[in-house]
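Pasted below: protein.txt, compact mmCIF, C-alpha atoms and all ligand atoms.
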```txt
# COMPACT_ATOMS: atom_id res chain seq x y z
CA MET A 440 40.52 5.23 -2.39
CA VAL A 441 43.65 6.80 -3.79
CA ASN A 442 45.61 9.01 -1.48
CA ASN A 443 49.21 8.60 -2.49
CA ILE A 444 51.06 11.33 -4.26
CA ILE A 445 52.78 10.67 -7.54
CA GLY A 446 55.28 12.74 -9.53
CA ASN A 447 57.00 16.04 -8.81
CA LYS A 448 59.15 14.54 -6.06
CA ASP A 449 61.73 17.29 -6.56
CA ILE A 450 59.10 19.79 -5.40
CA ARG A 451 58.42 17.83 -2.22
CA ASP A 452 62.16 17.57 -1.60
CA ARG A 453 62.51 21.30 -2.05
CA LEU A 454 59.59 22.09 0.27
CA LEU A 455 61.06 19.71 2.83
CA ARG A 456 64.45 21.46 2.70
CA LEU A 457 62.84 24.89 2.99
CA SER A 458 60.62 23.78 5.85
CA ASN A 459 63.49 22.12 7.76
CA SER A 460 65.60 25.24 7.43
CA GLY A 461 62.71 27.56 8.35
CA GLN A 462 62.87 29.28 4.98
CA LEU A 463 59.41 28.56 3.60
CA HIS A 464 57.94 31.62 1.92
CA HIS A 465 54.70 32.81 3.54
CA CYS A 466 52.87 32.81 0.21
CA LEU A 467 53.48 30.07 -2.34
CA LEU A 468 51.90 29.74 -5.75
CA PHE A 469 51.53 26.19 -7.07
CA GLU A 470 51.03 26.40 -10.81
CA GLY A 471 50.72 23.63 -13.39
CA PRO A 472 48.28 21.51 -15.42
CA ILE A 473 44.82 20.66 -14.07
CA GLY A 474 44.79 17.40 -12.09
CA VAL A 475 48.56 17.17 -11.73
CA GLY A 476 48.34 17.09 -7.93
CA LYS A 477 48.81 20.72 -6.84
CA HIS A 478 46.02 20.59 -4.26
CA LEU A 479 47.29 17.29 -2.84
CA HIS A 480 50.74 18.81 -2.53
CA ALA A 481 49.29 21.82 -0.68
CA LEU A 482 47.71 19.44 1.84
CA TRP A 483 50.96 17.45 2.01
CA LEU A 484 52.74 20.69 2.91
CA ALA A 485 50.12 21.54 5.54
CA LYS A 486 50.71 18.09 7.07
CA LEU A 487 54.47 18.54 6.93
CA ILE A 488 54.37 21.88 8.72
CA ASN A 489 51.99 20.63 11.39
CA CYS A 490 53.05 17.01 11.85
CA LEU A 491 53.20 16.01 15.51
CA ALA A 492 55.71 13.18 15.09
CA GLU A 493 59.21 13.35 16.56
CA PRO A 494 61.43 15.89 14.77
CA HIS A 495 63.70 13.19 13.28
CA ILE A 496 60.60 11.60 11.68
CA ARG A 497 58.87 14.72 10.42
CA SER A 498 62.12 16.12 9.02
CA GLN A 499 61.75 13.33 6.40
CA GLY A 500 58.14 14.23 5.58
CA PRO A 501 54.73 14.13 7.29
CA CYS A 502 54.22 10.93 9.27
CA GLY A 503 50.67 10.44 8.01
CA SER A 504 49.48 8.87 11.26
CA CYS A 505 49.55 11.54 13.98
CA TRP A 506 46.37 13.40 14.95
CA SER A 507 47.24 16.41 12.79
CA CYS A 508 48.12 14.40 9.66
CA ARG A 509 44.94 12.35 10.00
CA MET A 510 42.69 15.40 10.51
CA ILE A 511 44.18 17.15 7.48
CA GLU A 512 43.72 13.99 5.42
CA LYS A 513 40.05 13.87 6.44
CA GLY A 514 39.58 17.60 5.79
CA ASP A 515 38.67 18.07 9.45
CA HIS A 516 41.57 20.18 10.72
CA GLY A 517 40.09 23.54 11.71
CA ASP A 518 43.31 25.46 11.06
CA ILE A 519 43.79 24.23 7.52
CA VAL A 520 41.51 26.45 5.48
CA VAL A 521 40.57 25.69 1.88
CA VAL A 522 38.92 28.55 0.01
CA GLY A 523 37.13 27.56 -3.21
CA TYR A 524 34.19 28.88 -5.23
CA ASP A 525 31.66 30.89 -3.24
CA PRO A 526 28.69 28.53 -2.72
CA GLU A 527 26.39 31.57 -2.44
CA LYS A 528 27.17 32.71 -5.99
CA ILE A 529 25.78 31.20 -9.17
CA THR A 530 29.01 31.95 -11.02
CA ARG A 531 32.27 30.17 -10.24
CA VAL A 532 34.10 32.89 -8.34
CA ILE A 533 35.88 33.50 -5.07
CA SER A 534 34.06 36.57 -3.80
CA VAL A 535 35.19 39.65 -1.93
CA LYS A 536 32.93 38.54 0.93
CA GLN A 537 34.94 35.30 1.23
CA ALA A 538 38.19 37.28 1.16
CA ARG A 539 37.02 39.61 3.95
CA THR A 540 35.81 36.71 6.11
CA LEU A 541 39.15 35.00 5.62
CA ILE A 542 41.12 38.10 6.59
CA ALA A 543 39.05 38.46 9.76
CA ASN A 544 39.43 34.78 10.68
CA ILE A 545 43.19 34.62 10.35
CA GLN A 546 43.74 37.43 12.84
CA VAL A 547 43.05 34.88 15.59
CA HIS A 548 45.90 32.53 16.51
CA PRO A 549 45.37 28.98 15.20
CA ALA A 550 43.68 26.69 17.69
CA ARG A 551 45.93 23.65 17.34
CA ALA A 552 48.16 24.05 14.32
CA ARG A 553 51.80 25.09 14.50
CA LYS A 554 50.94 27.17 11.47
CA ARG A 555 47.61 27.82 9.81
CA VAL A 556 47.69 27.01 6.09
CA VAL A 557 45.22 28.74 3.77
CA VAL A 558 44.81 27.08 0.38
CA ILE A 559 43.11 29.20 -2.29
CA ASP A 560 42.04 26.95 -5.14
CA PRO A 561 41.58 27.98 -7.90
CA ALA A 562 43.30 31.32 -7.25
CA GLU A 563 42.31 32.62 -10.67
CA ALA A 564 38.67 32.51 -9.55
CA MET A 565 39.32 35.42 -7.20
CA ARG A 566 37.36 38.43 -8.39
CA ILE A 567 39.46 41.56 -8.75
CA GLU A 568 37.87 42.99 -5.59
CA ALA A 569 38.68 39.79 -3.69
CA ALA A 570 42.27 39.76 -4.94
CA ASN A 571 42.71 43.43 -4.06
CA ALA A 572 41.25 42.88 -0.60
CA LEU A 573 43.81 40.12 0.00
CA LEU A 574 46.89 41.90 -1.37
CA LYS A 575 48.14 43.30 1.92
CA THR A 576 47.48 40.04 3.77
CA LEU A 577 49.32 38.01 1.14
CA GLU A 578 52.29 40.31 1.49
CA GLU A 579 52.35 40.31 5.27
CA PRO A 580 50.16 37.56 6.70
CA PRO A 581 50.05 37.06 10.48
CA SER A 582 53.16 35.09 11.49
CA SER A 583 50.97 32.10 12.35
CA THR A 584 49.56 31.83 8.81
CA MET A 585 50.85 30.93 5.39
CA PHE A 586 49.14 30.83 2.01
CA VAL A 587 49.24 28.40 -0.88
CA LEU A 588 47.60 29.72 -4.04
CA ILE A 589 46.77 27.18 -6.74
CA CYS A 590 46.25 27.90 -10.41
CA ASP A 591 46.73 26.42 -13.89
CA PHE A 592 48.53 29.42 -15.38
CA ALA A 593 50.01 32.20 -13.28
CA ASP A 594 49.27 34.62 -16.12
CA GLN A 595 45.62 34.42 -15.12
CA LEU A 596 46.43 36.17 -11.84
CA LEU A 597 46.79 39.89 -11.30
CA PRO A 598 50.43 41.04 -11.57
CA THR A 599 50.11 42.48 -8.07
CA ILE A 600 49.34 38.97 -6.77
CA ARG A 601 52.10 37.33 -8.82
CA SER A 602 54.67 39.73 -7.42
CA ARG A 603 53.82 38.68 -3.86
CA VAL A 604 54.22 34.95 -4.20
CA GLN A 605 56.97 32.42 -4.64
CA ARG A 606 56.12 30.39 -7.73
CA ILE A 607 56.46 26.63 -7.80
CA ARG A 608 55.84 24.97 -11.15
CA PHE A 609 54.43 21.46 -11.35
CA ARG A 610 55.17 19.27 -14.35
CA PRO A 611 53.10 16.46 -15.89
CA VAL A 612 53.81 13.00 -14.49
CA PRO A 613 55.70 10.80 -17.01
CA ARG A 614 53.35 8.48 -18.88
CA GLU A 615 55.00 5.23 -17.72
CA ASP A 616 54.85 6.32 -14.06
CA LEU A 617 51.22 7.25 -14.48
CA ALA A 618 50.36 3.91 -16.11
CA SER A 619 51.91 1.89 -13.27
CA TRP A 620 50.29 4.18 -10.68
CA ILE A 621 46.84 3.65 -12.25
CA ALA A 622 47.46 -0.09 -12.44
CA GLN A 623 48.39 -0.16 -8.76
CA ASN A 624 45.49 1.99 -7.56
CA GLN A 625 42.76 0.65 -9.77
CA ASN A 626 43.88 -2.94 -9.54
CA THR A 627 43.99 -3.30 -13.27
CA SER A 628 46.79 -3.80 -15.75
CA ASP A 629 44.61 -2.38 -18.50
CA SER A 630 44.34 1.37 -18.18
CA GLY A 631 43.95 1.60 -21.96
CA SER A 632 44.68 5.01 -23.40
CA ILE A 633 44.12 6.83 -20.11
CA PRO A 634 47.82 7.48 -19.33
CA ILE A 635 48.04 9.14 -22.74
CA LEU A 636 44.72 10.86 -22.47
CA SER A 637 45.32 12.36 -19.07
CA GLU A 638 48.48 14.16 -20.21
CA GLY A 639 50.44 13.37 -17.08
CA ALA A 640 47.72 14.54 -14.69
CA PRO A 641 46.88 11.78 -12.17
CA GLY A 642 43.73 13.59 -10.97
CA PHE A 643 42.47 13.81 -14.52
CA ALA A 644 43.32 10.11 -15.09
CA LEU A 645 41.31 9.11 -12.02
CA GLN A 646 38.37 11.20 -13.10
CA MET A 647 38.49 9.53 -16.50
CA MET A 648 38.57 6.04 -14.96
CA GLU A 649 35.49 6.99 -12.96
CA ASP A 650 33.71 8.79 -15.78
CA LYS A 651 34.77 6.46 -18.60
CA GLU A 652 31.23 5.73 -19.69
CA GLU A 653 30.09 9.36 -19.55
CA TRP A 654 33.30 10.37 -21.33
CA CYS A 655 32.61 8.07 -24.30
CA THR A 656 28.92 8.93 -24.44
CA LEU A 657 29.60 12.67 -24.45
CA ARG A 658 32.31 12.35 -27.08
CA ASP A 659 30.05 10.30 -29.36
CA GLU A 660 27.20 12.76 -28.91
CA PHE A 661 29.49 15.67 -29.71
CA LEU A 662 30.73 13.98 -32.92
CA MET A 663 27.11 13.34 -33.87
CA ILE A 664 25.67 16.79 -33.06
CA ILE A 665 28.29 18.80 -34.96
CA GLN A 666 27.01 17.08 -38.10
CA LYS A 667 23.53 18.49 -37.52
CA GLY A 668 22.02 21.87 -38.32
CA ASP A 669 20.85 24.67 -36.03
CA SER A 670 17.54 23.33 -34.86
CA ALA A 671 18.87 19.89 -33.89
CA GLN A 672 21.76 21.54 -32.08
CA ILE A 673 19.51 23.92 -30.15
CA LYS A 674 17.33 21.02 -29.09
CA TRP A 675 20.35 18.98 -27.99
CA VAL A 676 21.79 21.89 -26.00
CA ALA A 677 18.42 22.53 -24.34
CA SER A 678 18.34 18.97 -23.12
CA PHE A 679 22.05 19.02 -22.15
CA CYS A 680 21.68 22.17 -20.07
CA SER A 681 18.29 21.36 -18.57
CA GLY A 682 17.68 21.08 -14.86
CA SER A 683 19.89 22.41 -12.14
CA LYS A 684 23.16 24.12 -12.90
CA GLN A 685 24.89 21.93 -10.32
CA VAL A 686 24.14 18.99 -12.61
CA TRP A 687 24.82 20.35 -16.10
CA LEU A 688 27.82 22.56 -15.33
CA PRO A 689 30.19 19.68 -14.41
CA SER A 690 29.03 17.85 -17.56
CA LEU A 691 29.67 20.95 -19.64
CA ILE A 692 33.17 21.28 -18.18
CA LEU A 693 33.80 17.61 -18.90
CA LEU A 694 32.53 18.14 -22.47
CA LEU A 695 34.95 21.05 -22.94
CA ASP A 696 37.83 18.82 -21.78
CA ILE A 697 36.74 16.13 -24.23
CA ILE A 698 36.46 18.63 -27.10
CA SER A 699 39.98 19.91 -26.31
CA THR A 700 41.36 16.38 -26.63
CA LEU A 701 39.44 15.87 -29.90
CA LEU A 702 40.83 19.12 -31.32
CA ARG A 703 44.31 18.01 -30.32
CA ASP A 704 43.74 14.71 -32.16
CA TRP A 705 42.63 16.53 -35.30
CA VAL A 706 45.82 18.60 -35.14
CA VAL A 707 47.85 15.36 -34.90
CA LEU A 708 45.97 14.04 -37.94
CA ALA A 709 46.39 17.32 -39.83
CA PHE A 710 50.17 17.11 -39.49
CA ASP A 711 50.27 13.38 -40.09
CA SER A 712 52.15 13.10 -36.81
CA PRO A 713 53.20 9.71 -35.40
CA LEU A 714 51.93 10.75 -31.95
CA PRO A 715 49.24 8.46 -30.53
CA LEU A 716 45.68 9.75 -30.66
CA TYR A 717 43.71 10.29 -27.49
CA HIS A 718 40.71 8.88 -29.29
CA GLU A 719 42.41 6.08 -31.19
CA ASP A 720 39.24 3.97 -30.96
CA VAL A 721 37.34 6.43 -33.19
CA ARG A 722 40.16 7.34 -35.58
CA ASP A 723 38.01 6.25 -38.55
CA ARG A 724 35.33 8.74 -37.56
CA LEU A 725 37.76 11.59 -36.83
CA VAL A 726 39.40 11.47 -40.25
CA LYS A 727 36.01 12.13 -41.85
CA PHE A 728 35.97 15.66 -40.40
CA HIS A 729 37.78 18.61 -41.93
CA HIS A 730 40.94 19.19 -39.89
CA ASN A 731 42.68 22.29 -41.03
CA PRO A 732 45.18 23.52 -38.38
CA VAL A 733 44.25 27.20 -38.77
CA LEU A 734 40.56 26.49 -38.27
CA LEU A 735 41.32 24.12 -35.39
CA SER A 736 43.25 26.85 -33.62
CA LYS A 737 40.16 29.06 -33.87
CA LEU A 738 38.15 26.36 -32.12
CA PHE A 739 40.84 26.01 -29.43
CA VAL A 740 40.61 29.75 -28.77
CA HIS A 741 36.83 29.53 -28.64
CA ILE A 742 36.96 26.71 -26.05
CA GLU A 743 39.31 28.71 -23.84
CA GLN A 744 36.99 31.70 -24.12
CA ILE A 745 34.04 29.56 -22.98
CA ARG A 746 36.03 28.38 -19.95
CA LYS A 747 36.68 32.03 -19.05
CA ASP A 748 33.08 33.08 -19.75
CA LEU A 749 31.75 30.32 -17.51
CA ARG A 750 33.40 32.10 -14.60
CA ILE A 751 31.31 35.19 -15.34
CA HIS A 752 28.15 34.18 -17.18
CA VAL A 753 25.64 31.59 -16.25
CA ASN A 754 24.21 31.05 -19.69
CA GLY A 755 26.09 27.88 -20.57
CA SER A 756 23.56 26.94 -23.23
CA LEU A 757 24.22 30.07 -25.33
CA LEU A 758 27.97 29.52 -25.07
CA LEU A 759 27.61 25.89 -26.09
CA GLU A 760 25.21 26.67 -28.97
CA SER A 761 27.59 29.17 -30.51
CA PHE A 762 30.49 26.74 -30.26
CA LEU A 763 28.56 23.86 -31.84
CA ALA A 764 27.45 26.10 -34.72
CA LYS A 765 31.07 27.05 -35.35
CA ALA A 766 32.26 23.43 -35.08
CA HIS A 767 29.56 22.44 -37.61
CA ARG A 768 30.75 25.19 -39.96
CA LEU A 769 34.47 24.48 -39.66
CA LEU A 770 34.69 20.74 -39.13
CA PHE A 771 31.70 19.31 -40.95
CA LEU A 772 30.44 21.59 -43.76
CA PRO A 773 33.73 21.69 -45.74
CA MET A 774 33.57 17.88 -46.03
CA VAL A 775 29.97 17.99 -47.26
CA GLN A 776 30.86 20.63 -49.83
CA ARG A 777 33.74 18.48 -51.06
CA ARG A 778 31.47 15.53 -51.77
ZN ZN A 801 52.08 13.50 11.33
```
Rewritten as structure tokens:
Amino acid sequence: MVNNIIGNKDIRDRLLRLSNSGQLHHCLLFEGPIGVGKHLHALWLAKLINCLAEPHIRSQGPCGSCWSCRMIEKGDHGDIVVVGYDPEKITRVISVKQARTLIANIQVHPARARKRVVVIDPAEAMRIEAANALLKTLEEPPSSTMFVLICDFADQLLPTIRSRVQRIRFRPVPREDLASWIAQNQNTSDSGSIPILSEGAPGFALQMMEDKEEWCTLRDEFLMIIQKGDSAQIKWVASFCSGSKQVWLPSLILLLDIISTLLRDWVVLAFDSPLPLYHEDVRDRLVKFHHNPVLLSKLFVHIEQIRKDLRIHVNGSLLLESFLAKAHRLLFLPMVQRR
């Protein structure tokens, strides 16, 4: 199990200084790439604020072994509240009902924590009503509570939320650091292209190590299905999105990540750039597709739109079908016509 934090040490140093001098803002926004460690840092901060070790120890960082640090690590500390997608909703949102429950709960003094820490992740999943309900609380939370909002891009949040937070930007972890971290944690010196693929995001790298087989299978299926016509695509999508949403939605999100990395590789090829490819192992197959930068940018935009739509709509199969049809039209057909 991997539980050490890598990268962005300057942020931890800054949080430590602010905490030691009692100047931590009551509402922080951690923004940065997916999987870069924002959530882990939020929990690290919760440990730091509530560590029960002697002051000279905790002024250097959370001890990791006191009752509080251990409970937070296990996710069992009642005063450290993580708000994620509403399990009662089919769509991936943080609902107004969750926001109201949270506001009611934080009026009570924390049971054991020095300070209650509420982590909202991903903050961009807050529906407008939920965000509006929380505005006043984010501005003036009870003195015993602080908030950490987590998101990929702060622009996805309402301006009224952005104006109430102190923004902390996370950067990708350098590739060499990531490679040695993977080697250490996975007990392997061969992490292959994963440090490149994961774009400096340790969480993403770990997920890829775990999902390596599914990753390759999905990629190969995608490269195959965009060469087929409508009916084959519809059939493939029907099978991909069959069964429970809890099963196909994570696969769909993984597929979108994979497609993004493929599009990036086609851009690298289009510009004849010396940058390494994410999918170096299938370079021969990638060059056989049409890779015009203007058309690729259209597909990038489409992928981002699907990510947004998935927060609102449930019909993943329609979204996927329309994307595959476009990919067929832009990446495959021009090559056939050229033959
Ligand atoms: Zn501790």
Contacts of Ser681 of chain A at 12 Å (only C-alpha atoms; same-chain gap of 5+ positions) as a VMD selection string | chain A and resid 673 to 676 686 to 688 690 to 691 754 to 756
Find the residues around Leu770 of chain A up to 6 Å (all atoms listed in the file counted), leave out those fewer than 3 positions away in its own chain, and share them as a ChimeraX atom specification.
-> /A:728-729,766-767
Could you write out the selected residues, including C-alpha atoms, as a short mmCIF file (atom, residue, chain, number, x, y, z; two decimals), in the frame of the given file?
```cif
data_model
loop_
_atom_site.label_atom_id
_atom_site.label_comp_id
_atom_site.auth_asym_id
_atom_site.auth_seq_id
_atom_site.Cartn_x
_atom_site.Cartn_y
_atom_site.Cartn_z
CA PHE A 728 35.97 15.66 -40.40
CA HIS A 729 37.78 18.61 -41.93
CA ALA A 766 32.26 23.43 -35.08
CA HIS A 767 29.56 22.44 -37.61
#
```
May I have the residues within 6 Å of ligand ZN 801 (chain A), computed using all atoms listed in the file, as number ranges by chain?
-> A: 490-492, 501-505, 507-508
Quick one: residues within 10 Å of Phe771 of chain A, all atoms listed in the file counted, chain neighbours fewer than 6 positions away excluded, as number ranges by chain?
-> A: 662, 665-667, 727-730, 765
Is there a way to get, as a ChimeraX atom specification, all residues within 9 Å of the point (22.7, 15.7, -24.9) in file coordinates, counting only C-alpha atoms?
-> /A:657,660-661,664,674-680
Can those selected residues be exported to a file as a compact mmCIF listing (two decimals), keeping the file's coordinate frame so that it contains C-alpha atoms?
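Just written: selection10.txt:
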```txt
# COMPACT_ATOMS: atom_id res chain seq x y z
CA LEU A 657 29.60 12.67 -24.45
CA GLU A 660 27.20 12.76 -28.91
CA PHE A 661 29.49 15.67 -29.71
CA ILE A 664 25.67 16.79 -33.06
CA LYS A 674 17.33 21.02 -29.09
CA TRP A 675 20.35 18.98 -27.99
CA VAL A 676 21.79 21.89 -26.00
CA ALA A 677 18.42 22.53 -24.34
CA SER A 678 18.34 18.97 -23.12
CA PHE A 679 22.05 19.02 -22.15
CA CYS A 680 21.68 22.17 -20.07
```
